[in-house]
Amino acid sequence: MFSRWGAFVYRRRRFVLLVMIAIAAAASPLAAGTSAQLSAGGWLDRNSESARVSQRLQADFGGGQSAYLALFKADAPGADARGSDFQAAISTTLARLDGDSRISGITGYAETHDDRFVSVAGDAAYVVIGLNMTDDKSVEAVDSIGALLAPPAGYEVALTGFGPIQKDSAALSEKDLVRAETVSLPIAALVLILVFASLIAAGMPLVVAGLAIPTSLAIINLVARQTEMSIYVLNIATMLGLALAIDYSLFITSRFREELGKGRSTEAAVQIAVATAGKAVVFSGIAVAIGLSGLLWFEASALSSIGLGGAIVVLSSVIFSMTFLPALLGVLGPRVNALSTRGLLRRIGLGGAMDGQVRESRWERVAHAVMRRPIAVLVPVLAVLFVAGSPFFRLQQGVPDASIFPAGLPSRDAWVALMTDFRPGETSPITILVDTRGDATSPASIQAVMDYAARVDAIDGIDRVEGPFDLVDPATGAALTADQVAALYAAPAGSLPPQLEAAVTGLRSAYIRDGIVRIDAISPLEPAIPAGTAVIPRVRAIEPGAAIVRVEVGGVAAVSEDFLIAQNSRMPWAIGTTLLASAIILFLLFGSLAIPLKAVVMTLLSLSASFGALVWIFQEGNLHEFLAFNPIGFTIAGNPIIMFAVLIGLSMDYEVLLLSRIQESYRRTGNNTTAVAEGLAKTAGVITGAAMIMVVVFSSFALAEVVTIKSIGVGMAIAVFVDATIVRVLLVPATMRLLGEWNWWAPGILGRLADRLGFSHVEDEEVGPAVPAPEVGASPVEA
């Protein structure tokens, strides 16, 4: 099947080239606008309790519209934020917002005289600028509304909240992307030159990546118009696109040049390259896509959209590698070896490695050395991997806020100031909706809510609880009883003193709707950290009492807790189905039961080191100065499962390439030990080159200023390095030697099924024998 596809692409090579170039060119304008369609949110589980609270606040309390938080500071030290001069400066700054239809209201110290709007030191203040628009629309309005804010001399204002943070994070993601591409592409080009010793051959993978990535981003742009997709999709899609498009092209181009070196015609070389390396690419792409699709189990779009976006990237990389690349190779033919750099490499001392027989004999010696003492190799390697992965047992996850962005970003700095300089928890309370039986302002309902609030207030991690029934006698300062509070709410309009009536009316408007009472629990703990989210289960465990029908808990900390609950509940399904599907793919490709099981175990071992590094570096703060990040004390929720989903496929990538060559040799020789040594010898150089490129691409994202992307890049670079070296060179030969002929065994019915489907057949034999010819120059890296 793959051989026939190679023949078809060769016959229609010029037409295929034109079609694929036209598709990529048409996609470029859409690709340029992708970041504007992506969201910084996506951590909300739509089926969670916190999501229901958010929906009810919007439906019953008129919430759900967006808002900006404007932070005001004076240039002069010791300013009094409660003073008339400071408040006049705020009023002047906001004056041009009066009458703007996009503004629903402004709330601050001047309107409420509430100290929550003033910093603890008393030298800064913030106001809430209510908006008549959704969060997504608020992103577009940041610049225009921000331009209307004109602070007088000696004062400064900074906007934060969803809109400003989203806008700044999108700009930062694009900046990180440009930096990563600027660093990784030249180094990747250098590695390819070393691998191919030819400028033309080295350019093939880069051209494929240059076409596949814009096409992927254009499709992501269209998908993001229909469903929420995370801003991190942009970075991860580009990271994967560079790595996969280059790797897949490297595999196919290497096999094409190998077949030309055997004296085959260009047509035959294209057919065999597609039938062998191309088949490995397709199955590898399916494995990677399956791994990423495991993220679709999760409700939160911050995870599911990365799975969807990553699958789009894989599809695009495979399509261009199986269409554009073989067509271009068919047009070039032997000219793919033009502009050789072998002379230059010899002059700088790398030429000695270019002899193909010397190169393969070195890797064969390594394989035979491992297989002579498989236990002696296996046991210490497994011990090292276990030690490297052991920090993962100390994993603590948290949902990040704006503090993960670098200092100097205006919206981030303003957000951090609100979290640290103002009374803790004021800007992110735990919102509790209490459904009472009957009238919420009856004495019985009020007493029930007051009793419930008192139990919440007693929880460790809660400073105080605010609600509509927290009223005191102005004469004595004593708290009013439930009957007294009920009497105030039942008083006819105009019967209370004006100030008291205004207070009662305001409380009713803000906190009461029919039988629903809203109360706010203020916690001094940051809602993003594990200690902050740990308060939520304790609040939810409080018994509401017989007079209360239902209690639901929401707010930022509850969103984080619900995200973690949903993630952990779905993680076994995501991991299990991904591993099972990957094993099935490998079974269909190789017709063996042992190989898929071994591959799953090897993959999990290669992941262990990267997961351990993720905790040791980014949670515990080791190497933070070298990697230029501020430790946050927890692992960003979602990163481990994102890394698993990506790396399970990438690991299968090398597994498929290596085992395909081992299978070819085994079918020819019937000797398991010889086949393993020969397969390793023929693929180790290509795998080394491909891994070097992936490590370079992933490591370049360690330069990102956003710790989410930085940690994923570092973790995946470590995993790929371990997989391509320790696992492929040491563990695979050792385990295959121990398994012996069992490597290729499958129960009768399964073996017949795999044979009937035909994917496990070696297709290079269909093209015919090769004509002896001088070997094409090989790479120094392959040595």
# chains A, B, ... in the order shown; residues from 1 in each chain; ligands from 1
$ residues_around --residues "Ala486 (chain A)" --least-positions-apart "6" --cutoff "8 Å" --atoms "only C-alpha atoms" --output "ChimeraX atom specification"
/A:441-443,446
$ select_by_dssp --residues "region 44-99 of chain A" --states "strand (DSSP E or B)" --output "compact mmCIF listing (two decimals) with N, CA, C and O atoms, in the first residue's frame"
# COMPACT_ATOMS: atom_id res chain seq x y z
N ALA A 67 -14.67 42.76 33.80
CA ALA A 67 -14.27 43.98 34.51
C ALA A 67 -12.76 44.12 34.41
O ALA A 67 -12.04 43.13 34.26
N TYR A 68 -12.30 45.36 34.48
CA TYR A 68 -10.89 45.64 34.64
C TYR A 68 -10.64 46.08 36.08
O TYR A 68 -11.51 46.70 36.71
N LEU A 69 -9.47 45.78 36.59
CA LEU A 69 -9.03 46.31 37.87
C LEU A 69 -7.95 47.35 37.58
O LEU A 69 -6.94 47.04 36.94
N ALA A 70 -8.19 48.58 38.00
CA ALA A 70 -7.25 49.67 37.77
C ALA A 70 -6.51 49.98 39.07
O ALA A 70 -7.12 50.37 40.06
N LEU A 71 -5.19 49.78 39.05
CA LEU A 71 -4.36 50.00 40.24
C LEU A 71 -3.71 51.38 40.15
O LEU A 71 -3.05 51.71 39.16
N PHE A 72 -3.89 52.17 41.19
CA PHE A 72 -3.36 53.53 41.23
C PHE A 72 -2.24 53.63 42.26
O PHE A 72 -2.36 53.13 43.38
N LYS A 73 -1.15 54.29 41.86
CA LYS A 73 -0.05 54.57 42.76
C LYS A 73 0.44 55.99 42.53
O LYS A 73 0.32 56.54 41.43
N ALA A 74 0.98 56.59 43.60
CA ALA A 74 1.58 57.93 43.49
C ALA A 74 3.09 57.80 43.37
O ALA A 74 3.69 56.87 43.94
$ closest_residue --among "A:Ser48, A:Thr34, A:Thr323, A:Ser608" --to "Phe2 (chain A)" --atoms "only C-alpha atoms"
A:Thr323
$ residues_around --residues "Leu680 (chain A)" --least-positions-apart "6" --cutoff "8 Å" --atoms "only C-alpha atoms" --output "ChimeraX atom specification"
/A:363-364,367,658,661-662,729
$ write_last_selection --atoms "N, CA and C atoms" --output "compact mmCIF listing (two decimals), in the first residue's frame"
# COMPACT_ATOMS: atom_id res chain seq x y z
N TRP A 363 28.18 1.08 15.90
CA TRP A 363 26.90 0.87 16.57
C TRP A 363 26.63 -0.63 16.77
N GLU A 364 27.07 -1.46 15.81
CA GLU A 364 26.90 -2.91 15.98
C GLU A 364 27.69 -3.41 17.18
N ALA A 367 25.74 -2.57 20.24
CA ALA A 367 24.59 -3.46 20.41
C ALA A 367 25.02 -4.84 20.89
N LEU A 658 13.18 2.42 14.80
CA LEU A 658 14.17 1.40 15.15
C LEU A 658 13.63 0.00 14.89
N ARG A 661 13.41 -1.23 11.18
CA ARG A 661 14.64 -1.74 10.59
C ARG A 661 15.03 -3.09 11.20
N ILE A 662 14.78 -3.26 12.49
CA ILE A 662 15.05 -4.56 13.10
C ILE A 662 14.17 -5.63 12.47
N VAL A 729 19.48 2.86 22.95
CA VAL A 729 20.80 2.26 22.76
C VAL A 729 21.09 1.17 23.78
$ residues_around --residues "region 668-678 of chain A" --least-positions-apart "5" --cutoff "10 Å" --atoms "only C-alpha atoms" --output "compact mmCIF listing (two decimals) with C-alpha atoms, in the first residue's frame"
# COMPACT_ATOMS: atom_id res chain seq x y z
CA GLU A 360 27.58 0.92 11.33
CA SER A 361 30.27 -1.32 12.80
CA TRP A 363 26.90 0.87 16.57
CA GLU A 364 26.90 -2.91 15.98
CA ARG A 365 29.70 -3.29 18.51
CA VAL A 366 27.66 -1.30 21.03
CA ALA A 367 24.59 -3.46 20.41
CA HIS A 368 26.54 -6.72 20.70
CA ALA A 369 28.27 -5.50 23.87
CA VAL A 370 24.89 -4.76 25.45
CA MET A 371 23.39 -8.07 24.32
CA ARG A 372 26.32 -10.07 25.69
CA LEU A 658 14.17 1.40 15.15
CA LEU A 659 11.90 -1.64 15.21
CA ARG A 661 14.64 -1.74 10.59
CA ILE A 662 15.05 -4.56 13.10
CA GLN A 663 11.99 -6.27 11.61
CA THR A 683 19.01 3.74 12.64
CA ALA A 684 21.12 4.96 15.55
CA VAL A 732 15.94 -1.88 23.87
CA PRO A 733 18.84 -4.16 22.83
CA ALA A 734 19.06 -5.62 26.35
CA MET A 736 15.14 -7.75 23.03
CA ARG A 737 18.10 -10.03 23.72
CA LEU A 738 16.39 -11.38 26.84
CA LEU A 739 13.10 -11.92 25.02
CA GLY A 740 14.78 -13.61 22.05
CA GLU A 741 12.36 -15.16 19.59
CA TRP A 742 9.46 -14.13 21.81
CA ASN A 743 9.92 -10.60 20.42
CA TRP A 744 8.04 -11.64 17.29
CA VAL A 762 8.10 -5.50 4.68
CA GLU A 765 11.14 -6.31 -1.20
$ residues_around --residues "Ala202 (chain A)" --least-positions-apart "6" --cutoff "9 Å" --atoms "only C-alpha atoms" --output "PyMOL selection string"
chain A and resi 189-196+250+336
$ residues_around --residues "Ser54 (chain A)" --least-positions-apart "6" --cutoff "12 Å" --atoms "only C-alpha atoms" --output "ChimeraX atom specification"
/A:44-48,60-65,430-433,518,552-556,558-559
$ closest_residue --among "A:Ala724, A:Leu148, A:Ser39, A:Ala388" --to "Ala171 (chain A)" --atoms "only C-alpha atoms"
A:Ser39
$ atom_distance --atom1 "CA of Leu177 (chain A)" --atom2 "CA of Leu295 (chain A)"
22.7 Å
$ residues_around --residues "region 82-97 of chain A" --least-positions-apart "2" --cutoff "12 Å" --atoms "only C-alpha atoms" --output "MDAnalysis selection string"
chainID A and resid 70:76 78:80 99:131 144:158
$ select_by_dssp --residues "region 384-510 of chain A" --states "helix (DSSP H, G or I)" --output "ChimeraX atom specification"
/A:384-394,402-404,410-421,443-457,482-490,498-510
$ atom_distance --atom1 "CA of Asn630 (chain A)" --atom2 "CA of Thr160 (chain A)"
20.5 Å
$ atom_distance --atom1 "CA of Ile404 (chain A)" --atom2 "CA of Ser66 (chain A)"
22.0 Å
$ closest_residue --among "A:Thr505, A:Ser304, A:Ser569, A:Ser390" --to "Ala613 (chain A)" --atoms "only C-alpha atoms"
A:Ser390
$ closest_residue --among "A:Leu657, A:Leu597, A:Ile522, A:Leu589" --to "Ala690 (chain A)" --atoms "only C-alpha atoms"
A:Leu657
$ closest_residue --among "A:Asp457, A:Glu267, A:Glu299, A:Glu625" --to "Pro326 (chain A)" --atoms "only C-alpha atoms"
A:Glu267
